[in-house]
$ cat structure.pdb   # PDB, C-alpha atoms
ATOM      1  CA  MET A   1       0.000   0.000   0.000
ATOM      2  CA  GLU A   2       1.202   3.510  -0.725
ATOM      3  CA  ASP A   3       1.369   5.318   2.622
ATOM      4  CA  ARG A   4      -0.557   8.428   1.593
ATOM      5  CA  PHE A   5      -3.694   6.495   0.604
ATOM      6  CA  ILE A   6      -3.987   4.291   3.682
ATOM      7  CA  TYR A   7      -6.831   4.862   6.120
ATOM      8  CA  ARG A   8      -7.506   3.480   9.550
ATOM      9  CA  ALA A   9     -10.780   3.056  11.372
ATOM     10  CA  LYS A  10     -12.402   0.873  13.986
ATOM     11  CA  PRO A  11     -14.655  -1.971  12.854
ATOM     12  CA  ILE A  12     -18.351  -1.659  13.647
ATOM     13  CA  ASN A  13     -18.082  -4.406  16.283
ATOM     14  CA  GLY A  14     -14.467  -3.949  17.327
ATOM     15  CA  LYS A  15     -12.047  -1.898  19.383
ATOM     16  CA  ASP A  16      -8.748  -2.267  17.510
ATOM     17  CA  TRP A  17      -7.736  -0.162  14.520
ATOM     18  CA  VAL A  18      -7.849  -1.742  11.067
ATOM     19  CA  TYR A  19      -5.915  -0.378   8.101
ATOM     20  CA  GLY A  20      -6.591  -0.359   4.377
ATOM     21  CA  TYR A  21      -8.120   1.511   1.471
ATOM     22  CA  LEU A  22     -11.394   3.343   2.097
ATOM     23  CA  THR A  23     -14.396   2.677  -0.109
ATOM     24  CA  ALA A  24     -18.143   3.199   0.085
ATOM     25  CA  TRP A  25     -20.333   0.118  -0.042
ATOM     26  CA  ASP A  26     -24.014   0.100  -0.829
ATOM     27  CA  GLU A  27     -26.080  -2.718   0.660
ATOM     28  CA  GLY A  28     -29.424  -0.971   0.965
ATOM     29  CA  GLU A  29     -27.812   1.857   2.888
ATOM     30  CA  LYS A  30     -24.457   3.476   2.359
ATOM     31  CA  SER A  31     -21.718   2.210   4.644
ATOM     32  CA  PHE A  32     -17.955   2.448   4.576
ATOM     33  CA  VAL A  33     -15.473  -0.382   4.451
ATOM     34  CA  LEU A  34     -11.723  -0.830   4.407
ATOM     35  CA  VAL A  35     -10.133  -3.283   2.007
ATOM     36  CA  LYS A  36      -6.505  -4.376   1.972
ATOM     37  CA  ASN A  37      -6.633  -5.794  -1.537
ATOM     38  CA  ARG A  38      -9.154  -7.132  -4.034
ATOM     39  CA  THR A  39      -9.125 -10.681  -2.693
ATOM     40  CA  GLU A  40      -9.809 -10.003   0.997
ATOM     41  CA  LYS A  41     -13.258  -9.591   2.486
ATOM     42  CA  PRO A  42     -14.158  -5.914   3.169
ATOM     43  CA  ILE A  43     -14.210  -4.779   6.798
ATOM     44  CA  HIS A  44     -17.288  -2.727   7.754
ATOM     45  CA  ILE A  45     -16.160   0.244   9.830
ATOM     46  CA  ASN A  46     -17.576   2.962  12.045
ATOM     47  CA  GLN A  47     -17.525   6.021   9.779
ATOM     48  CA  PHE A  48     -16.907   8.335  12.741
ATOM     49  CA  THR A  49     -13.511   6.729  13.420
ATOM     50  CA  ILE A  50     -12.037   7.143   9.911
ATOM     51  CA  CYS A  51      -8.555   8.720   9.894
ATOM     52  CA  GLN A  52      -6.437   9.338   6.807
ATOM     53  CA  SER A  53      -2.697   8.782   6.639
ATOM     54  CA  THR A  54      -0.568  11.898   6.241
ATOM     55  CA  GLY A  55       2.107   9.956   4.352
ATOM     56  CA  VAL A  56       4.646  11.237   6.924
ATOM     57  CA  ARG A  57       6.484   9.037   9.425
ATOM     58  CA  ASP A  58       7.610  10.008  12.911
ATOM     59  CA  ALA A  59      11.109   9.699  14.402
ATOM     60  CA  ASP A  60      10.495   5.973  15.058
ATOM     61  CA  GLY A  61       9.292   5.318  11.498
ATOM     62  CA  LYS A  62       5.635   5.014  12.549
ATOM     63  CA  LEU A  63       3.089   6.328  10.043
ATOM     64  CA  ILE A  64       1.294   9.478  11.257
ATOM     65  CA  PHE A  65      -2.512   9.625  10.865
ATOM     66  CA  GLU A  66      -5.115  12.352  11.163
ATOM     67  CA  ASN A  67      -6.063  12.983  14.832
ATOM     68  CA  ASP A  68      -2.831  11.428  16.153
ATOM     69  CA  TYR A  69      -1.130  13.098  19.101
ATOM     70  CA  ILE A  70       2.525  13.864  18.423
ATOM     71  CA  GLU A  71       5.076  14.593  21.158
ATOM     72  CA  MET A  72       7.337  17.151  19.471
ATOM     73  CA  GLU A  73      10.935  18.035  20.214
ATOM     74  CA  PRO A  74      12.049  21.606  19.432
ATOM     75  CA  CYS A  75      12.245  21.944  15.656
ATOM     76  CA  PHE A  76      13.526  24.911  13.666
ATOM     77  CA  TYR A  77      12.387  23.812  10.215
ATOM     78  CA  GLN A  78       9.972  26.378   8.687
ATOM     79  CA  GLY A  79      10.348  28.577  11.735
ATOM     80  CA  CYS A  80      10.281  27.398  15.337
ATOM     81  CA  ILE A  81       7.987  24.610  16.471
ATOM     82  CA  PHE A  82       7.880  24.499  20.234
ATOM     83  CA  PRO A  83       8.051  21.178  22.083
ATOM     84  CA  GLY A  84       4.989  19.493  23.489
ATOM     85  CA  ILE A  85       1.995  17.490  22.362
ATOM     86  CA  LYS A  86       0.368  18.503  19.076
ATOM     87  CA  THR A  87      -2.692  17.111  17.260
ATOM     88  CA  VAL A  88      -2.573  16.267  13.546
ATOM     89  CA  LYS A  89      -5.338  17.981  11.519
ATOM     90  CA  TRP A  90      -6.057  18.955   7.895
ATOM     91  CA  LEU A  91      -5.593  22.738   7.687
ATOM     92  CA  ASP A  92      -6.277  24.844   4.613
ATOM     93  CA  GLY A  93      -5.073  22.263   2.104
ATOM     94  CA  SER A  94      -2.236  20.601   4.016
ATOM     95  CA  TRP A  95      -1.523  18.542   7.127
ATOM     96  CA  GLY A  96      -0.725  20.555  10.219
ATOM     97  CA  LEU A  97       0.087  20.279  13.900
ATOM     98  CA  ILE A  98      -2.139  22.107  16.368
ATOM     99  CA  GLY A  99      -0.907  22.909  19.858
ATOM    100  CA  LYS A 100      -3.051  23.233  22.985
ATOM    101  CA  ASN A 101      -2.679  27.019  22.772
ATOM    102  CA  GLY A 102      -4.073  26.979  19.209
ATOM    103  CA  GLY A 103      -0.733  27.598  17.484
ATOM    104  CA  ALA A 104      -0.305  25.707  14.210
ATOM    105  CA  ALA A 105       2.600  24.491  12.077
ATOM    106  CA  LEU A 106       2.837  22.529   8.846
ATOM    107  CA  LEU A 107       3.557  18.806   9.064
ATOM    108  CA  SER A 108       6.362  17.774   6.711
ATOM    109  CA  ARG A 109       8.798  14.857   6.523
ATOM    110  CA  GLN A 110      11.456  16.993   8.220
ATOM    111  CA  VAL A 111       9.100  18.059  11.002
ATOM    112  CA  GLY A 112       7.816  14.482  11.466
ATOM    113  CA  GLN A 113      11.361  13.350  12.236
ATOM    114  CA  HIS A 114      11.292  15.551  15.353
ATOM    115  CA  GLY A 115       8.207  13.952  16.891
ATOM    116  CA  ARG A 116       6.780  10.665  18.079
ATOM    117  CA  VAL A 117       3.198   9.388  17.915
ATOM    118  CA  CYS A 118       2.003   9.163  21.506
ATOM    119  CA  GLY A 119      -1.664   8.367  21.274
TER     120      GLY A 119
END
$ encode --input "structure.pdb" --output "C-alpha cells"
Amino acid sequence: MEDRFIYRAKPINGKDWVYGYLTAWDEGEKSFVLVKNRTEKPIHINQFTICQSTGVRDADGKLIFENDYIEMEPCFYQGCIFPGIKTVKWLDGSWGLIGKNGGAALLSRQVGQHGRVCG
C-alpha cells in the first residue's frame, strides 16, 4: 500500500484499529469499508472513526494519521515549532500540527522526524 492512501478506522463491532483503502459500499444503505486488496473480504467500519494517513512518518518510522497526538521536540524547520503534544489535523489544504494554545505548524517529513506518535 502507498502510505498516503492508507486509512484506519475501527470496525463496527471492534475496538482495535484496522488499516486499508477506504471505499463506500451500498447494501441498501451506504456504509464504509476498508479493504486491503481485491481478494480479501471488506471490513465494515464505524464512519466516525475514519482517519487518513498523512504519508509522513515520525522519528520511530511510525506512520502518522489524522487525529494522532505527536510529542514534538524543538524543531527549527519552517520557523520554530515548540516542544509538546500537538494534534494532527487537515488545515487549509495541508496537514498541520495544532498545539493546545491553538498555534499551528505545517507537518512535513522533516518536522515528522522531530516527533513521536504518543496516542
$ resolve_selection --input "structure.pdb" --expression "the PyMOL selection byres ((chain A and resi 8-12) around 7)" --output "list in words"
Ile6, Tyr7, Asn13, Gly14, Lys15, Asp16, Trp17, Val18, Tyr19, Gly20, Ile43, His44, Ile45, Asn46, Thr49, Ile50, Cys51 and Gln52 of chain A
$ resolve_selection --input "structure.pdb" --expression "the PyMOL selection byres ((chain A and resi 96) around 10)" --output "short mmCIF file (atom, residue, chain, number, x, y, z; two decimals) with C-alpha atoms, keeping the file's coordinate frame"
data_model
loop_
_atom_site.label_atom_id
_atom_site.label_comp_id
_atom_site.auth_asym_id
_atom_site.auth_seq_id
_atom_site.Cartn_x
_atom_site.Cartn_y
_atom_site.Cartn_z
CA THR A 54 -0.57 11.90 6.24
CA GLU A 66 -5.12 12.35 11.16
CA LYS A 86 0.37 18.50 19.08
CA THR A 87 -2.69 17.11 17.26
CA VAL A 88 -2.57 16.27 13.55
CA LYS A 89 -5.34 17.98 11.52
CA TRP A 90 -6.06 18.95 7.90
CA LEU A 91 -5.59 22.74 7.69
CA ASP A 92 -6.28 24.84 4.61
CA GLY A 93 -5.07 22.26 2.10
CA SER A 94 -2.24 20.60 4.02
CA TRP A 95 -1.52 18.54 7.13
CA LEU A 97 0.09 20.28 13.90
CA ILE A 98 -2.14 22.11 16.37
CA GLY A 99 -0.91 22.91 19.86
CA ALA A 104 -0.30 25.71 14.21
CA ALA A 105 2.60 24.49 12.08
CA LEU A 106 2.84 22.53 8.85
CA LEU A 107 3.56 18.81 9.06
CA SER A 108 6.36 17.77 6.71
#
$ resolve_selection --input "structure.pdb" --expression "the PyMOL selection byres ((chain A and resi 73) around 7)" --output "list in words"
Glu71, Met72, Pro74, Cys75, Pro83, Gly84, His114 and Gly115 of chain A
$ residues_around --input "structure.pdb" --residues "A:Phe32" --least-positions-apart "6" --cutoff "6 Å" --atoms "only C-alpha atoms" --output "ChimeraX atom specification"
/A:23-25,45
$ closest_residue --input "structure.pdb" --among "A:Val56, A:Ile64, A:Ile70, A:Ile85" --to "A:Gln110" --atoms "all atoms listed in the file"
A:Val56
$ atom_distance --input "structure.pdb" --atom1 "atom CA of A:Tyr21" --atom2 "atom CA of A:Asn37"
8.0 Å
$ atom_distance --input "structure.pdb" --atom1 "atom CA of A:Val111" --atom2 "atom CA of A:Phe82"
11.3 Å
$ atom_distance --input "structure.pdb" --atom1 "atom CA of A:Asp3" --atom2 "atom CA of A:Asp60"
15.4 Å
$ closest_residue --input "structure.pdb" --among "A:Ser31, A:Phe5, A:Leu63, A:Glu40" --to "A:Val117" --atoms "all atoms listed in the file"
A:Leu63
